[in-house]
$ cat structure-v9.csv   # CSV, C-alpha atoms and all ligand atoms
chain,number,residue,atom,x,y,z
U,1144,MET,CA,-30.2,-11.6,16.2
U,1145,SER,CA,-29.0,-15.2,15.7
U,1146,VAL,CA,-26.0,-15.4,13.4
U,1147,MET,CA,-25.0,-18.7,11.9
U,1148,THR,CA,-21.4,-19.6,11.9
U,1149,GLN,CA,-19.8,-18.9,8.6
U,1150,SER,CA,-16.4,-18.1,7.3
U,1151,VAL,CA,-15.3,-14.6,6.3
U,1152,PRO,CA,-11.9,-14.3,4.8
U,1153,LEU,CA,-9.6,-11.3,5.2
U,1154,VAL,CA,-9.8,-10.8,1.5
U,1155,ASP,CA,-11.7,-12.7,-1.2
U,1156,LEU,CA,-10.0,-12.7,-4.6
U,1157,THR,CA,-12.3,-15.5,-5.9
U,1158,ALA,CA,-15.4,-13.4,-5.4
U,1159,GLN,CA,-13.8,-10.5,-7.3
U,1160,TYR,CA,-12.7,-12.7,-10.2
U,1161,GLU,CA,-16.2,-14.2,-10.5
U,1162,SER,CA,-17.7,-10.7,-10.8
U,1163,ILE,CA,-15.4,-9.8,-13.8
U,1164,ARG,CA,-14.5,-13.2,-15.2
U,1165,LEU,CA,-15.4,-12.5,-18.8
U,1166,GLU,CA,-13.3,-9.3,-19.0
U,1167,ILE,CA,-10.3,-10.9,-17.3
U,1168,ASP,CA,-10.4,-14.0,-19.5
U,1169,ALA,CA,-10.7,-11.9,-22.6
U,1170,ALA,CA,-7.8,-9.7,-21.6
U,1171,ILE,CA,-5.6,-12.7,-21.0
U,1172,GLN,CA,-6.6,-14.4,-24.2
U,1173,SER,CA,-5.9,-11.4,-26.2
U,1174,VAL,CA,-2.3,-11.2,-25.0
U,1175,ILE,CA,-1.8,-14.9,-25.6
U,1176,ALA,CA,-3.4,-14.7,-29.1
U,1177,ARG,CA,-0.9,-12.1,-30.0
U,1178,THR,CA,2.0,-13.8,-28.1
U,1179,ALA,CA,2.9,-10.2,-27.1
U,1180,PHE,CA,4.3,-11.2,-23.7
U,1181,ILE,CA,6.9,-8.5,-23.1
U,1182,MET,CA,6.1,-4.8,-23.0
U,1183,GLY,CA,4.0,-3.6,-26.0
U,1184,PRO,CA,0.7,-1.7,-26.3
U,1185,ASP,CA,-1.0,-3.3,-23.3
U,1186,VAL,CA,1.7,-1.9,-21.0
U,1187,ARG,CA,1.6,1.5,-22.6
U,1188,GLU,CA,-2.2,1.6,-22.4
U,1189,PHE,CA,-2.2,0.6,-18.7
U,1190,GLU,CA,0.4,3.2,-17.9
U,1191,LYS,CA,-1.6,5.9,-19.7
U,1192,HIS,CA,-4.8,5.0,-17.8
U,1193,PHE,CA,-3.1,4.5,-14.4
U,1194,ALA,CA,-1.3,7.9,-14.7
U,1195,GLU,CA,-4.7,9.4,-15.5
U,1196,TYR,CA,-6.2,7.7,-12.5
U,1197,CYS,CA,-3.5,9.1,-10.2
U,1198,THR,CA,-3.6,12.5,-12.0
U,1199,SER,CA,0.2,12.2,-12.5
U,1200,THR,CA,1.9,13.0,-15.8
U,1201,TYR,CA,3.7,9.7,-16.0
U,1202,ALA,CA,3.3,6.1,-14.9
U,1203,VAL,CA,5.9,3.4,-15.5
U,1204,GLY,CA,5.0,-0.2,-15.0
U,1205,VAL,CA,7.5,-2.4,-13.1
U,1206,ALA,CA,7.7,-5.9,-11.8
U,1207,SER,CA,6.5,-5.2,-8.2
U,1208,GLY,CA,6.0,-2.6,-5.6
U,1209,THR,CA,9.4,-3.4,-4.2
U,1210,ALA,CA,11.0,-2.9,-7.6
U,1211,ALA,CA,9.1,0.4,-7.9
U,1212,LEU,CA,10.7,1.6,-4.7
U,1213,GLU,CA,14.2,0.4,-5.5
U,1214,LEU,CA,14.2,1.8,-9.1
U,1215,THR,CA,12.8,5.2,-7.9
U,1216,LEU,CA,15.5,5.5,-5.2
U,1217,ARG,CA,18.1,4.7,-8.0
U,1218,ALA,CA,16.5,7.2,-10.3
U,1219,CYS,CA,16.8,9.8,-7.5
U,1220,ASN,CA,20.5,8.9,-7.3
U,1221,ILE,CA,20.3,7.7,-3.7
U,1222,GLY,CA,22.9,5.2,-2.7
U,1223,ALA,CA,25.8,4.4,-0.4
U,1224,GLY,CA,26.3,6.9,2.5
U,1225,ASP,CA,22.8,8.3,2.1
U,1226,GLU,CA,20.0,8.2,4.7
U,1227,VAL,CA,16.4,7.8,3.9
U,1228,ILE,CA,13.7,8.5,6.6
U,1229,THR,CA,10.7,6.2,6.8
U,1230,SER,CA,8.5,4.6,9.4
U,1231,ALA,CA,9.0,1.2,11.0
U,1232,HIS,CA,5.2,0.4,10.9
U,1233,THR,CA,5.1,-0.9,7.3
U,1234,PHE,CA,5.8,-3.9,5.2
U,1235,ILE,CA,9.5,-4.7,5.1
U,1236,ALA,CA,9.8,-3.9,1.3
U,1237,THR,CA,9.8,-0.1,2.1
U,1238,ALA,CA,13.1,-0.5,4.0
U,1239,GLU,CA,14.5,-3.3,1.8
U,1240,ALA,CA,14.5,-1.0,-1.2
U,1241,ILE,CA,16.5,1.5,0.8
U,1242,SER,CA,19.0,-1.1,1.8
U,1243,ALA,CA,19.1,-2.6,-1.7
U,1244,VAL,CA,20.5,0.7,-3.2
U,1245,GLY,CA,23.1,0.8,-0.4
U,1246,ALA,CA,21.5,3.6,1.6
U,1247,ARG,CA,20.5,3.5,5.3
U,1248,PRO,CA,16.9,3.4,6.5
U,1249,VAL,CA,16.3,5.8,9.4
U,1250,PHE,CA,13.1,4.7,11.2
U,1251,VAL,CA,11.0,7.4,12.9
U,1252,GLU,CA,7.8,7.4,15.0
U,1253,ILE,CA,4.3,7.3,13.7
U,1254,ASP,CA,1.2,9.4,14.6
U,1255,PRO,CA,-0.7,7.5,17.3
U,1256,ARG,CA,-4.0,8.1,15.6
U,1257,THR,CA,-3.4,7.7,11.9
U,1258,TYR,CA,-0.4,5.3,12.2
U,1259,ASN,CA,1.3,7.4,9.5
U,1260,ILE,CA,4.8,8.8,9.8
U,1261,ASP,CA,5.0,11.7,12.2
U,1262,PRO,CA,6.2,14.9,10.4
U,1263,ASP,CA,7.8,16.2,13.7
U,1264,ALA,CA,9.8,13.0,14.0
U,1265,VAL,CA,10.9,13.3,10.4
U,1266,ALA,CA,12.1,16.9,10.9
U,1267,ALA,CA,14.0,15.8,14.1
U,1268,ALA,CA,15.8,12.9,12.3
U,1269,ILE,CA,17.3,15.0,9.4
U,1270,THR,CA,21.1,14.9,9.3
U,1271,PRO,CA,23.6,16.2,6.6
U,1272,ALA,CA,23.3,12.6,5.1
U,1273,THR,CA,19.6,12.7,4.7
U,1274,ARG,CA,18.5,12.5,1.0
U,1275,ALA,CA,14.9,11.4,1.0
U,1276,ILE,CA,11.7,10.7,2.9
U,1277,ILE,CA,9.5,7.7,2.2
U,1278,PRO,CA,6.0,8.3,3.7
U,1279,VAL,CA,3.9,5.2,3.6
U,1280,HIS,CA,0.2,5.8,3.2
U,1281,ILE,CA,-0.5,3.0,5.6
U,1282,TYR,CA,-3.8,1.0,5.4
U,1283,GLY,CA,-4.9,3.4,2.5
U,1284,GLN,CA,-4.8,6.7,4.4
U,1285,PRO,CA,-2.4,9.3,3.1
U,1286,ALA,CA,0.3,10.6,5.3
U,1287,ASP,CA,0.4,14.4,6.1
U,1288,MET,CA,1.8,15.3,2.7
U,1289,ASP,CA,1.6,19.1,3.2
U,1290,ARG,CA,3.9,19.0,6.2
U,1291,ILE,CA,6.2,16.4,4.7
U,1292,MET,CA,6.6,18.3,1.4
U,1293,ALA,CA,7.3,21.5,3.3
U,1294,ILE,CA,10.0,19.8,5.4
U,1295,ALA,CA,11.5,18.2,2.2
U,1296,GLU,CA,11.6,21.5,0.4
U,1297,ARG,CA,13.4,23.2,3.3
U,1298,HIS,CA,16.1,20.5,3.3
U,1299,ASN,CA,16.1,19.8,-0.4
U,1300,LEU,CA,15.0,16.2,0.0
U,1301,ALA,CA,13.2,13.8,-2.4
U,1302,VAL,CA,9.8,12.6,-1.3
U,1303,ILE,CA,9.0,9.1,-2.5
U,1304,GLU,CA,5.4,8.1,-1.6
U,1305,ASP,CA,5.0,4.4,-0.7
U,1306,ALA,CA,1.4,4.2,-2.1
U,1307,ALA,CA,1.3,0.4,-2.2
U,1308,GLN,CA,-1.9,0.4,-0.1
U,1309,ALA,CA,-3.4,3.7,-1.2
U,1310,HIS,CA,-4.5,3.6,-4.9
U,1311,GLY,CA,-6.8,6.6,-5.4
U,1312,ALA,CA,-6.6,8.1,-1.9
U,1313,THR,CA,-6.4,11.8,-1.6
U,1314,TRP,CA,-4.8,14.4,0.7
U,1315,ASN,CA,-6.5,17.9,0.6
U,1316,GLY,CA,-8.2,16.8,-2.6
U,1317,LYS,CA,-4.9,15.7,-4.3
U,1318,ARG,CA,-4.5,12.1,-5.3
U,1319,VAL,CA,-1.6,10.2,-3.9
U,1320,GLY,CA,0.9,9.4,-6.7
U,1321,ALA,CA,0.9,13.0,-7.8
U,1322,ILE,CA,1.9,14.8,-4.5
U,1323,GLY,CA,5.5,13.7,-3.8
U,1324,HIS,CA,8.4,13.7,-6.4
U,1325,ALA,CA,7.4,10.2,-7.2
U,1326,ALA,CA,5.1,7.5,-5.9
U,1327,CYS,CA,5.4,3.7,-5.8
U,1328,PHE,CA,2.5,1.4,-6.2
U,1329,SER,CA,2.1,-2.4,-5.7
U,1330,PHE,CA,-0.4,-4.5,-7.6
U,1331,TYR,CA,0.2,-7.6,-5.4
U,1332,PRO,CA,-3.0,-9.6,-5.7
U,1333,GLY,CA,-4.5,-8.5,-2.4
U,1334,LYS,CA,-3.8,-4.8,-2.9
U,1335,ASN,CA,-6.7,-2.4,-3.7
U,1336,LEU,CA,-5.8,-2.8,-7.4
U,1337,GLY,CA,-4.4,-6.3,-7.6
U,1338,ALA,CA,-2.8,-8.2,-10.5
U,1339,TYR,CA,-2.8,-12.0,-10.9
U,1340,GLY,CA,0.8,-12.2,-9.9
U,1341,ASP,CA,3.4,-9.6,-9.1
U,1342,ALA,CA,3.3,-6.1,-10.6
U,1343,GLY,CA,4.0,-2.4,-9.6
U,1344,ALA,CA,4.2,1.1,-11.0
U,1345,VAL,CA,6.0,4.4,-10.4
U,1346,THR,CA,4.0,7.6,-10.9
U,1347,THR,CA,5.6,11.0,-11.2
U,1348,ASN,CA,5.3,14.5,-12.7
U,1349,ASP,CA,9.1,14.6,-13.2
U,1350,ALA,CA,10.1,13.6,-16.8
U,1351,ARG,CA,13.6,12.8,-15.7
U,1352,ILE,CA,12.5,10.3,-13.0
U,1353,ALA,CA,10.0,8.7,-15.4
U,1354,GLU,CA,12.7,8.3,-18.1
U,1355,LEU,CA,15.3,6.9,-15.6
U,1356,VAL,CA,12.8,4.4,-14.2
U,1357,SER,CA,11.8,3.2,-17.7
U,1358,LEU,CA,15.5,2.7,-18.5
U,1359,LEU,CA,16.3,1.0,-15.2
U,1360,ARG,CA,13.4,-1.5,-15.4
U,1361,ASN,CA,14.6,-2.7,-18.8
U,1362,HIS,CA,18.4,-3.3,-18.6
U,1363,GLY,CA,19.2,0.4,-19.1
U,1364,ARG,CA,18.5,0.2,-22.8
U,1365,HIS,CA,16.9,2.4,-25.4
U,1366,SER,CA,17.5,-0.1,-28.1
U,1367,LYS,CA,17.7,-3.9,-28.0
U,1368,TYR,CA,21.5,-4.3,-27.4
U,1369,LEU,CA,22.7,-0.9,-26.5
U,1370,HIS,CA,22.7,-0.2,-22.8
U,1371,ASP,CA,23.1,3.4,-21.6
U,1372,ILE,CA,23.2,2.6,-17.9
U,1373,LYS,CA,23.4,-0.6,-15.7
U,1374,GLY,CA,19.7,-1.5,-15.1
U,1375,TYR,CA,17.6,-4.4,-14.0
U,1376,GLY,CA,15.2,-6.9,-15.4
U,1377,GLU,CA,12.2,-5.5,-13.6
U,1378,ARG,CA,9.6,-4.8,-16.3
U,1379,ILE,CA,5.9,-5.2,-15.6
U,1380,ASP,CA,4.6,-8.5,-17.1
U,1381,THR,CA,2.4,-7.8,-20.1
U,1382,LEU,CA,-0.3,-10.3,-19.0
U,1383,GLN,CA,-0.5,-8.5,-15.7
U,1384,ALA,CA,-0.7,-5.1,-17.4
U,1385,ALA,CA,-3.7,-6.4,-19.5
U,1386,ILE,CA,-5.4,-7.7,-16.4
U,1387,LEU,CA,-4.8,-4.5,-14.5
U,1388,LEU,CA,-6.1,-2.4,-17.4
U,1389,ALA,CA,-9.4,-4.4,-17.2
U,1390,LYS,CA,-9.6,-4.1,-13.4
U,1391,LEU,CA,-8.7,-0.4,-13.3
U,1392,ARG,CA,-12.2,0.3,-14.8
U,1393,HIS,CA,-13.7,-1.1,-11.6
U,1394,LEU,CA,-11.4,0.5,-9.1
U,1395,ALA,CA,-13.5,3.6,-8.3
U,1396,LYS,CA,-16.6,1.4,-7.6
U,1397,TRP,CA,-14.5,-1.0,-5.5
U,1398,THR,CA,-13.1,1.9,-3.5
U,1399,ALA,CA,-16.6,3.2,-2.8
U,1400,HIS,CA,-17.6,-0.3,-1.6
U,1401,ARG,CA,-14.6,-0.3,0.8
U,1402,GLN,CA,-15.5,3.1,2.1
U,1403,ARG,CA,-19.1,2.0,2.7
U,1404,ILE,CA,-17.9,-1.1,4.6
U,1405,ALA,CA,-15.6,1.0,6.7
U,1406,ALA,CA,-18.3,3.5,7.5
U,1407,ARG,CA,-20.6,0.6,8.5
U,1408,TYR,CA,-17.9,-0.9,10.8
U,1409,ASP,CA,-17.6,2.5,12.4
U,1410,GLU,CA,-21.3,2.5,13.0
U,1411,LEU,CA,-21.7,-1.1,14.2
U,1412,LEU,CA,-18.7,-0.9,16.5
U,1413,ALA,CA,-19.2,2.6,17.8
U,1414,ASP,CA,-20.5,1.5,21.2
U,1415,LEU,CA,-17.5,-0.7,21.8
U,1416,ASP,CA,-15.5,2.5,22.3
U,1417,GLY,CA,-13.4,1.8,25.4
U,1418,GLU,CA,-12.8,-1.8,24.4
U,1419,ILE,CA,-11.4,-1.1,21.0
U,1420,VAL,CA,-10.0,1.9,19.3
U,1421,LEU,CA,-11.6,2.4,15.9
U,1422,PRO,CA,-9.7,3.9,12.9
U,1423,TYR,CA,-9.2,7.7,12.8
U,1424,VAL,CA,-9.1,9.5,9.5
U,1425,HIS,CA,-7.5,12.9,9.3
U,1426,PRO,CA,-9.9,15.6,8.1
U,1427,ALA,CA,-7.6,16.3,5.1
U,1428,ALA,CA,-7.5,12.7,4.1
U,1429,GLU,CA,-9.8,10.5,2.0
U,1430,ALA,CA,-8.9,6.9,2.8
U,1431,VAL,CA,-9.3,4.0,0.5
U,1432,TRP,CA,-9.3,1.4,3.2
U,1433,HIS,CA,-6.8,-1.2,2.1
U,1434,LEU,CA,-7.2,-2.4,5.7
U,1435,TYR,CA,-9.7,-1.6,8.5
U,1436,VAL,CA,-7.5,-1.7,11.6
U,1437,VAL,CA,-8.7,-1.5,15.2
U,1438,ARG,CA,-6.7,-1.6,18.4
U,1439,THR,CA,-7.2,-3.4,21.6
U,1440,PRO,CA,-4.9,-4.4,24.5
U,1441,ARG,CA,-6.7,-7.9,24.3
U,1442,ARG,CA,-5.6,-8.2,20.6
U,1443,ASP,CA,-4.2,-11.7,20.7
U,1444,ALA,CA,-7.2,-13.1,22.5
U,1445,LEU,CA,-9.6,-11.4,20.1
U,1446,LEU,CA,-7.6,-12.5,17.1
U,1447,GLY,CA,-7.8,-16.1,18.4
U,1448,HIS,CA,-11.6,-15.8,19.0
U,1449,LEU,CA,-12.1,-14.4,15.5
U,1450,ASN,CA,-10.0,-17.0,13.8
U,1451,ARG,CA,-11.7,-19.9,15.7
U,1452,SER,CA,-15.0,-18.5,14.6
U,1453,GLY,CA,-14.0,-18.5,10.9
U,1454,VAL,CA,-13.1,-14.8,10.6
U,1455,GLY,CA,-9.9,-14.1,8.8
U,1456,ALA,CA,-8.6,-11.2,10.9
U,1457,GLY,CA,-4.8,-10.5,10.7
U,1458,ILE,CA,-2.0,-8.3,12.1
U,1459,HIS,CA,-0.4,-5.6,10.0
U,1460,TYR,CA,2.3,-5.7,11.2
U,1461,PRO,CA,3.3,-7.7,14.3
U,1462,THR,CA,7.0,-6.8,14.4
U,1463,PRO,CA,8.1,-3.2,13.5
U,1464,LEU,CA,11.0,-3.0,11.1
U,1465,HIS,CA,13.5,-1.5,13.6
U,1466,LEU,CA,13.1,-4.8,15.7
U,1467,GLN,CA,13.3,-7.2,12.7
U,1468,PRO,CA,16.3,-9.6,12.8
U,1469,ALA,CA,17.2,-8.5,9.3
U,1470,TYR,CA,17.8,-5.0,10.6
U,1471,ALA,CA,19.7,-5.9,13.8
U,1472,ASP,CA,22.8,-4.3,12.1
U,1473,LEU,CA,21.2,-0.8,12.5
U,1474,GLY,CA,21.4,-1.1,16.3
U,1475,TYR,CA,17.8,-0.2,17.3
U,1476,ALA,CA,16.4,-1.6,20.5
U,1477,LEU,CA,13.0,-2.2,22.1
U,1478,GLY,CA,11.8,1.1,23.4
U,1479,ASP,CA,13.3,3.2,20.7
U,1480,LEU,CA,10.0,3.8,19.0
U,1481,PRO,CA,7.3,3.4,21.7
U,1482,VAL,CA,4.3,4.5,19.7
U,1483,THR,CA,5.2,2.2,16.8
U,1484,GLU,CA,5.8,-0.7,19.3
U,1485,ALA,CA,2.5,-0.1,21.1
U,1486,VAL,CA,0.6,-0.1,17.8
U,1487,ALA,CA,2.3,-3.3,16.6
U,1488,ASP,CA,1.3,-5.0,19.9
U,1489,THR,CA,-2.4,-3.9,19.8
U,1490,CYS,CA,-3.4,-3.6,16.1
U,1491,LEU,CA,-5.9,-6.0,14.4
U,1492,SER,CA,-7.1,-5.9,10.8
U,1493,LEU,CA,-10.7,-6.9,10.2
U,1494,PRO,CA,-11.9,-8.4,6.9
U,1495,ILE,CA,-12.6,-5.7,4.3
U,1496,TYR,CA,-12.9,-6.2,0.5
U,1497,PRO,CA,-15.4,-4.7,-2.0
U,1498,GLU,CA,-17.4,-7.9,-2.4
U,1499,MET,CA,-18.0,-8.4,1.3
U,1500,THR,CA,-21.7,-8.8,2.0
U,1501,ASP,CA,-23.7,-7.1,4.7
U,1502,ALA,CA,-24.3,-10.6,6.3
U,1503,GLN,CA,-20.6,-11.3,6.3
U,1504,GLN,CA,-19.9,-8.0,8.0
U,1505,GLU,CA,-22.6,-8.5,10.5
U,1506,TYR,CA,-21.1,-11.9,11.4
U,1507,VAL,CA,-17.7,-10.3,11.9
U,1508,VAL,CA,-19.3,-7.7,14.2
U,1509,ALA,CA,-21.4,-10.3,16.1
U,1510,THR,CA,-18.2,-12.3,16.7
U,1511,ILE,CA,-16.4,-9.3,18.1
U,1512,ARG,CA,-19.4,-8.4,20.3
U,1513,SER,CA,-19.6,-12.0,21.7
U,1514,PHE,CA,-15.9,-11.7,22.6
U,1515,PHE,CA,-16.5,-8.5,24.7
U,1516,ASP,CA,-19.8,-10.0,25.9
U,1517,VAL,CA,-22.0,-7.2,24.8
V,1,LIG,C1,2.8,-4.5,-0.6
V,1,LIG,C2,3.7,-3.4,-0.2
V,1,LIG,C3,4.9,-3.2,-0.7
V,1,LIG,C4,5.6,-4.2,-1.7
V,1,LIG,O1,4.9,-4.4,-2.8
V,1,LIG,P1,5.2,-5.8,-3.7
V,1,LIG,O2,4.4,-5.6,-4.9
V,1,LIG,O3,4.7,-6.9,-2.8
V,1,LIG,O4,6.7,-5.8,-3.9
V,1,LIG,C5,5.7,-2.1,-0.3
V,1,LIG,N1,5.2,-1.3,0.6
V,1,LIG,C6,4.0,-1.5,1.2
V,1,LIG,C7,3.5,-0.5,2.3
V,1,LIG,C8,3.2,-2.6,0.9
V,1,LIG,O5,2.0,-2.8,1.5

$ encode --input "structure-v9.csv" --output "structure tokens"
Amino acid sequence: MSVMTQSVPLVDLTAQYESIRLEIDAAIQSVIARTAFIMGPDVREFEKHFAEYCTSTYAVGVASGTAALELTLRACNIGAGDEVITSAHTFIATAEAISAVGARPVFVEIDPRTYNIDPDAVAAAITPATRAIIPVHIYGQPADMDRIMAIAERHNLAVIEDAAQAHGATWNGKRVGAIGHAACFSFYPGKNLGAYGDAGAVTTNDARIAELVSLLRNHGRHSKYLHDIKGYGERIDTLQAAILLAKLRHLAKWTAHRQRIAARYDELLADLDGEIVLPYVHPAAEAVWHLYVVRTPRRDALLGHLNRSGVGAGIHYPTPLHLQPAYADLGYALGDLPVTEAVADTCLSLPIYPEMTDAQQEYVVATIRSFFDV
């Protein structure tokens, strides 16, 4: 097979916009025509449909995934002196939110196959100061929520799902966003459901958490100038809510496309077993493939080869949080989380997005094969 050089980005937001341009433009125009820029019916409508999508009782739109995490921690009354257990193999926002409320992130190991937080490591890290666990559904595959919920129940801890990469994923048939006490979603443009700017949401079945997050996002007020608690200006932008509502109608189809592309990578790369480790999905999980991540000891060389050939591969994430300069104050050192560190050194994200064509995927695969000379 001769494959012409082409360029395949890691994600292609333009291709997606082209496929739904009329709906998006109409949604934006309708908000502008009504000059209804802050809160209002578009936000309520999006929240209603997003809660339905997650099978949760409530969804509260906020300004970003980071805001979702911080406001949820506040709503769970977590603050100074408290410890929150999470993994170091995630985007820094997970830990920043813990720090922002004055609590201490406690980083524990991940499972070497799923890259999700290891429930045994969670149990081992619990102290009298532990108040919550934040499992991150990394790359779109849910963490082991049965075991995490059981540990939390035994120790009376809150479970806040970081579902920023996992819209619609399921664990034992249950949708993320409706398993923990609350879940935090990001609609950053490149996420599986992406806005055209920053946005996020908190889902929960707990009326008290939903009420507190809605108060906190909007300056702690029920009425215009009466503020019950000290809050934040972290509302979801109404234009973004209108765009997200339009895009939500396509999410199930887009997820199916991602799953098909992931299955095809599995197939086309199967014989490279030994050179690269393909993703492993736990039998209880249905993954939504925010990222398709392989591992190889020759990661940096393969990444260079792909990038030089026009393939937008990436690394998620090259430096684990316990080794970030920003977290030097916590006193972790290289070697503290060997599985996490090994994954960070060898992981490579291949392009995956719903609009990716078979030809593009074949080009990515051919480029990988030429690197390994097979
Ligand atoms: C994207 C992301 C966030 C932060 O979301 P923002 O909307 O960018 O603030 C948090 N956690 C994880 C795992 C993410 O991937």

$ residues_near_ligand --input "structure-v9.csv" --ligand "ligand LIG 1 (chain V)" --cutoff "6 Å" --atoms "all atoms listed in the file" --output "PyMOL selection string"
chain U and resi 1207-1209+1233-1234+1236-1237+1279+1305+1307-1308+1329-1331+1341-1343

$ closest_residue --input "structure-v9.csv" --among "U:Ser1199, U:Thr1462, U:Gln1383, U:Gln1159" --to "Arg1318 (chain U)" --atoms "all atoms listed in the file"
U:Ser1199

$ closest_residue --input "structure-v9.csv" --among "U:Asp1380, U:Glu1410, U:Glu1498, U:Glu1484" --to "Trp1397 (chain U)" --atoms "only C-alpha atoms"
U:Glu1498

$ residues_around --input "structure-v9.csv" --residues "Pro1461 (chain U)" --least-positions-apart "2" --cutoff "10 Å" --atoms "only C-alpha atoms" --output "list in words"
His1232, Thr1233, Gly1457, Ile1458, His1459, Pro1463, Leu1464, Glu1484, Val1486, Ala1487, Asp1488, Thr1489, Cys1490 and Leu1491 of chain U

$ closest_atom_pairs --input "structure-v9.csv" --of "region 1339-1413 of chain U" --to "region 1428-1436 of chain U" --cutoff "12 Å" --atoms "all atoms listed in the file" --output "JSON lines"
{"residue": "U:Leu1394", "atom": "CA", "partner": "U:Val1431", "partner_atom": "CA", "distance": 10.4}
{"residue": "U:Ala1395", "atom": "CA", "partner": "U:Val1431", "partner_atom": "CA", "distance": 9.8}
{"residue": "U:Lys1396", "atom": "CA", "partner": "U:Val1431", "partner_atom": "CA", "distance": 11.2}
{"residue": "U:Trp1397", "atom": "CA", "partner": "U:Val1431", "partner_atom": "CA", "distance": 9.4}
{"residue": "U:Thr1398", "atom": "CA", "partner": "U:Val1431", "partner_atom": "CA", "distance": 5.9}
{"residue": "U:Ala1399", "atom": "CA", "partner": "U:Val1431", "partner_atom": "CA", "distance": 8.1}
{"residue": "U:His1400", "atom": "CA", "partner": "U:Val1431", "partner_atom": "CA", "distance": 9.6}
{"residue": "U:Arg1401", "atom": "CA", "partner": "U:Trp1432", "partner_atom": "CA", "distance": 6.1}
{"residue": "U:Gln1402", "atom": "CA", "partner": "U:Val1431", "partner_atom": "CA", "distance": 6.5}
{"residue": "U:Arg1403", "atom": "CA", "partner": "U:Trp1432", "partner_atom": "CA", "distance": 9.8}
{"residue": "U:Ile1404", "atom": "CA", "partner": "U:Trp1432", "partner_atom": "CA", "distance": 9.1}
{"residue": "U:Ala1405", "atom": "CA", "partner": "U:Tyr1435", "partner_atom": "CA", "distance": 6.7}
{"residue": "U:Ala1406", "atom": "CA", "partner": "U:Tyr1435", "partner_atom": "CA", "distance": 10.0}
{"residue": "U:Arg1407", "atom": "CA", "partner": "U:Tyr1435", "partner_atom": "CA", "distance": 11.1}
{"residue": "U:Tyr1408", "atom": "CA", "partner": "U:Tyr1435", "partner_atom": "CA", "distance": 8.5}
{"residue": "U:Asp1409", "atom": "CA", "partner": "U:Tyr1435", "partner_atom": "CA", "distance": 9.7}
